[in-house]
Amino acid sequence: MSKKECIAMLLAGGQGSRLGALTRGIAKPAVSFGGKYRIIDFALSNCSNSGIGTVGVLTQYKPYLLHSYIGTGEAWNLDERGGGVSILPPYATETGGSWYEGTADAVYQNIGYIELNDPEYVLILSGDQLYRMDYHKMLDSHIAHDADLTISVMPVAWEEASRFGIITKDEDDRVLKFTEKPTKPDSNLASMGIYIFKADLLLAALKEDAIDQQSEHDFGKDIIPKLLGDGKRLYTYEFNGFWRDVGTIASFHETSMSLLGEQPEFDLYSKDFPIMSNASTRPPHYVGPNGEVTDCLIANGSRVYGTVKHSILSIDSYVGERATVEDSVLLPGARVKDGAHVVRAILGENSVVEENVNLGSVDQTKDTAVIGDDVVVGKGEE
Amino acid sequence: MSKKECIAMLLAGGQGSRLGALTRGIAKPAVSFGGKYRIIDFALSNCSNSGIGTVGVLTQYKPYLLHSYIGTGEAWNLDERGGGVSILPPYATETGGSWYEGTADAVYQNIGYIELNDPEYVLILSGDQLYRMDYHKMLDSHIAHDADLTISVMPVAWEEASRFGIITKDEDDRVLKFTEKPTKPDSNLASMGIYIFKADLLLAALKEDAIDQQSEHDFGKDIIPKLLGDGKRLYTYEFNGFWRDVGTIASFHETSMSLLGEQPEFDLYSKDFPIMSNASTRPPHYVGPNGEVTDCLIANGSRVYGTVKHSILSIDSYVGERATVEDSVLLPGARVKDGAHVVRAILGENSVVEENVNLGSVDQTKDTAVIGDDVVVGKGEE
Amino acid sequence: MARAIGLITTNYSTKNPSALTEERPVASLPYLGRYRLIDFPLSNMVNAGIRTVGVVMPYNYRSLIDHVGSGKDWSLDRKNGGLFVLPGTAFGTSRTGARFLLRDIEHNKVFLERDTAPYVVCSASNIVCNVDYHALIDAHEASGADITVLCQSADGADEDITKFDVNDGRVCGVSHGVGFGDTAFLDCFVISRDLLLNLLEWFSAVDYLDLFEALQNDFQRFDVRPFMFEGYAAGIFNVRSYFRHSMDLLNPSIDDQLFMPGRPVLTKAHDNPPAKYERGSHVCNSLVSAGCRIRGAVSDSVLGRGVIVESGATVRNSIVMQSCVIKSGARVENAIVDRNNVIPARTELRGTPEAVLVKGKGEVTE
Amino acid sequence: MARAIGLITTNYSTKNPSALTEERPVASLPYLGRYRLIDFPLSNMVNAGIRTVGVVMPYNYRSLIDHVGSGKDWSLDRKNGGLFVLPGTAFGTSRTGARFLLRDIEHNKVFLERDTAPYVVCSASNIVCNVDYHALIDAHEASGADITVLCQSADGADEDITKFDVNDGRVCGVSHGVGFGDTAFLDCFVISRDLLLNLLEWFSAVDYLDLFEALQNDFQRFDVRPFMFEGYAAGIFNVRSYFRHSMDLLNPSIDDQLFMPGRPVLTKAHDNPPAKYERGSHVCNSLVSAGCRIRGAVSDSVLGRGVIVESGATVRNSIVMQSCVIKSGARVENAIVDRNNVIPARTELRGTPEAVLVKGKGEVTE
């Protein structure tokens, strides 16, 4: 792929309000995941592994941590001269500034960036999904179909279909119909929100959409139906691997747990397609003389003196003597002190569970317990 | 200086509308200057040369070029782990986003960045001034006075004084009076818009100012008078070197010309305090067999076949056979074709003066001619 | 602007070579799962704000340059300053004791001449410690000494450590080998850049000597003072001390002296996922690096990056380096297993606590 | 992912050494004011999207590693891949002709083994050209050849250039020295990584040979094809060719073949201000680098970074390298002046167009 054949626009502006306490201080793509990663690592690693060296990251909500985490992009090998990662926040022009109003509007406002790079194709991505995809293969399919727009799709359970944008296609994979959240789906192919556009077509569509008073400026709600109605060549690219949107506490917990076990659906250890991250430099973790660890992921800098089962301990976690942690996720710096018991919980960054506190419940009908970043849970506050 | 003793907040949001055609597509701090520099190079080099390794750059207006130019900050040796240059655009929070309204408001909105770095002192700078200053010396003076705020000042001609914020001080350099643009100045010490604050005092002052409905949220108009009124310890630091705000076409032209000559006021060649820049990689410039060059600065990649006098040719400039350029500034990529004559003009980036065209006038009463970026001046359009 | 530049020496051979140091200088010996010995002096310098560091290269510089690379991981890939690779002299490889060979420094004099910082902090690379060089330089400035040497009160006998005789706060003699309570040299000192350049000139006739050997008879003339360091310091001179000082770190209170928030030990970054413990694993009193996958039993051991311990395999009181695979049912005990080894199923690799077994590097298979 | 990795060789000596190559390998010879010869193969690789480049180091690697440093200026300071410094063998320094010494490549086999890219682009570093390696690799892929060698039709006799005998599009012989119209080797070729590794094994008994010497009798067995390059290429083998090919660049149409928008020649960045012409300067038909300050007369010359030509001084038909000062009234003509020389006032340094005078490096004074 030549350097500017295809650039990516990565939508990372979301607040992720359904993640509650985990996104109080940071944007959703910056939330810690899988012990040493942050959610945006997956999309950035996909870009890097797919040979897409120019990535615009559209940010808007509380961006400090995200900006400093992305830095130069070097952690993902995306620090090329004349390319690499560019942070694209809202900005002002002679006529004032405006905030991103929808996914399409965010890209529209950065048409200047696309024009500057002058690519043939533009890949639109979301920064808050977990999956491993070779976008280059999707691009090959896009080119082979001479498509105007290729939408990445995956089959979902029929009962789930009404939660997604659903696509009906013909046998040549051409899109016949696109319906956002249909009540009676006639297909179970769901759009993953990953698009490849011909660049000139995208620019034209965005400009047209921008002056449309009726539009909500959203790719799914506005741009795609419009292009379909105009008879453009829309094709699907079917993906069959692991894919998750960790948009809620429940899905965050469930997806975290799916990394565990003998044959996890998502293999962090694949060498061909590594997930890269901007990890801090911390020493190997230590398991103490009475430590007991089974079915876990444990990141550097952690110390385990108690018992940890079926859990994820992120960087610099601490589990004290006689403490137990089960079915839980400790985000970076979380501390479970001596004798405390934590089950089915997510502990935010640098949060503390004080000695002998019991937190969470094994009762699956109850919500997963969530402790926000920097929160200290003392006796009586469980 | 320990790493986070002092951080800098560099105000680079200005549109610079008085620079007209030169800032149509880019922010004022990104305007090319001195052959191979951009205006912001001077402030960034000062930070680097003063040992201030953490610099927040507050941007707002058309930031692409500025962002990509600043990049990782490596060009100014400001790409430290845990420090370096951070671009600080406006951003959104749970309650929505807002644009920077004044200099103080811009810093106020980035209190989070200051708190994150937790410095003892904060240096406030402007990204559109040309000077060479060791901020560390100013900081030493600030500490020696145990000042709450130190304002850098310089003596100006009395007849100019009413254009500036004017300070009256006592013999210990303590500020007695501060007046924005006084009609009858009682001092000729002008504020240069360079401040060092005690960090906690700054944060308190900004928070107080933010809720003040009467305030314009400007350091000069609001913050300084308020602190002075409150009896805080405000001191001056006197600077006596070269200092220019290139805010208008006339001052841009005049300041450019002041780099020329045997003993220019501003010496680009000082090795102790180098002006660094993110220069593109271009070969040495070429002077042709009939070229004639005198009293000029010429940057890499240029080609000169004609006659150039008392002018600045930026990167990749071109002056054709029999063409003449005098008292002019060619910004990067500007081309003066065969037989054209250019005098007292500023040619924007990649602009073209077609063959045999005459541009500009030696008449000092007329305005300096300005050609915008990418503009082509043909016969009959002069 | 900067107060000091750094100079790290690596161009000397070990007195007691082993399979571990056959193909690599001591400076690039893997340590504690993810580090190399040079990380410690390099991080100490960077943490003290030193941004110009020269590394005198050994003859077999491949592993060292592979590790330090561009200097990026230490923020030393800078436009000005940064990491300078300084060729060592061929002579260095034949000297075992000389950690600051004059000839090596003389050969790279231009590195010293080009800079303008007043001081040079020099360090060898086989003593592991996390030291605040700011305090060392402050002490040097305050005392007005010519040279300030980083020292520690010896906690036992060690024939490989340099001993300083100290009288009234000044060094008056130097010799090899320390006993309990002696002033042990941590192979690190600070000196003014000008004086170092002058010394190179004065001692040019004896440039085959170590700087402190050359100074031997000049302690009247030069004011050399010790700066006593109280924290953890571990000299790595042979397999025995390597093993012992690796195992030291199974004590978290010693870890805390090497790894602290304000002064991180920086090393080359890798993309290893967190360590994975499968059902049935049993791990205790061990340090485990990223990328490990453990189904077996591990105790009193240090595992490097990406080590795989299959089910039924046992690792006890051992150091297993990067990318080794301990196959099902295999047993590793009282051993040091260098990188890339595969220990076949149901085999044993056992030394004794007194005589640790060393298995040299395996073949790269990835 | 990446199609090719790069391998640059620098570990060979020049047949006709001069003051210019006394202390530096040809690869780090300054060229055209701001470049070093290695910039050209390095930039060609980077411009073709190659992000993993190994450089086989010469014995005297100081100037080379000073220049390439972290690889940052070529975007090669990468987390994965990037610039690899590969130690050359001591043997290489004694060979003059062998640009692709098997022993040097064999010695660094692990560099080739670790990667997964299908192809390797190999280049020496004394031929200046700006080539699209994409096209070279495309041609290699399309033809199915075992090795594709970058060649040019010779525009004159040159005893230092390798000549290929070509029959029906295939190389059938190799020898030293070309005449007008011969197929001249530009010391650059592409080969599959696997085949190169196999060749190293097959030729292990003759690893003191150059790859193409070793292939001499095997052109039936291996399909070696030339890829003809039409642009400007300049082989730098001695003072004469160095001077001539520097002066070539005073022709802007040749400049345009070396310096083009899409394929920049990347080099180490420096903070030199623009060149300054004072009143009274007279400069024609010359290339002038950043940081120069000119009061005197310069014609038909190339000036390196930061050269000062004082008033009344004259530089004619000469190459003056970085940081030289031509004092008032001095005269430099038909000469090559290496870095850091000060030519005293009212002195002359004159060669003839046929016998250019070479003045070796001066002392660093800054």
# chains A, B, ... in the order shown; residues from 1 in each chain; ligands from 1

call {"tool": "residues_around", "arguments": {"residues": "range 50-56 of chain A", "least_positions_apart": "4", "cutoff": "8 Å", "atoms": "only C-alpha atoms", "output": "MDAnalysis selection string"}}
result
(chainID A and resid 1 3:4 6:10 46 78 80 83:88 113 133:136) or (chainID D and resid 1)

call {"tool": "interface_residues", "arguments": {"of": "chain A", "to": "chain C", "cutoff": "8 Å", "atoms": "only C-alpha atoms", "output": "MDAnalysis selection string"}}
result
chainID A and resid 35:36 261:262 268:269 274:277 279 281:300

call {"tool": "select_by_dssp", "arguments": {"residues": "range 126-254 of chain B", "states": "strand (DSSP E or B)", "output": "PyMOL selection string"}}
result
chain B and resi 126+129-131+149-155+165-169+174-180+189-198+234-238+243-245

call {"tool": "interface_residues", "arguments": {"of": "chain D", "to": "chain C", "cutoff": "7 Å", "atoms": "only C-alpha atoms", "output": "PyMOL selection string"}}
result
chain D and resi 62+69-71+77+86-87

call {"tool": "residues_around", "arguments": {"residues": "range 14-25 of chain C", "least_positions_apart": "4", "cutoff": "10 Å", "atoms": "only C-alpha atoms", "output": "number ranges by chain"}}
result
C: 10, 29-30, 37, 57-64, 93-97, 125-126, 160, 236-239, 242, 336-339, 358-361

call {"tool": "write_last_selection", "arguments": {"atoms": "C-alpha atoms", "output": "compact mmCIF listing (two decimals), in the first residue's frame"}}
result
# COMPACT_ATOMS: atom_id res chain seq x y z
CA THR C 10 31.43 -1.21 29.04
CA LEU C 29 23.52 -9.10 30.60
CA PRO C 30 19.77 -9.61 31.10
CA LEU C 37 22.65 -4.12 33.40
CA MET C 57 31.50 0.34 23.30
CA PRO C 58 33.09 -3.05 23.81
CA TYR C 59 34.60 -5.04 20.98
CA ASN C 60 31.49 -7.27 20.77
CA TYR C 61 29.05 -4.40 20.67
CA ARG C 62 26.17 -6.10 18.87
CA SER C 63 23.95 -7.01 21.84
CA LEU C 64 24.61 -3.67 23.48
CA THR C 93 38.90 -6.21 25.93
CA SER C 94 42.08 -7.62 27.39
CA ARG C 95 41.77 -5.73 30.67
CA THR C 96 39.53 -7.20 33.33
CA GLY C 97 39.83 -4.87 36.30
CA SER C 125 27.84 -0.89 34.08
CA ASN C 126 28.09 -3.83 36.43
CA ASP C 160 36.13 -7.82 42.65
CA ILE C 236 27.64 -8.34 39.28
CA PHE C 237 31.04 -9.86 38.62
CA ASN C 238 30.45 -13.58 38.10
CA VAL C 239 27.72 -16.22 37.99
CA TYR C 242 24.66 -12.59 39.36
CA ILE C 336 20.29 -20.11 35.11
CA VAL C 337 18.78 -20.74 31.69
CA ASP C 338 19.86 -18.20 29.09
CA ARG C 339 17.48 -16.97 26.34
CA VAL C 358 24.29 -22.38 33.70
CA LYS C 359 22.78 -23.22 30.33
CA GLY C 360 24.01 -20.96 27.52
CA LYS C 361 21.86 -19.22 24.88
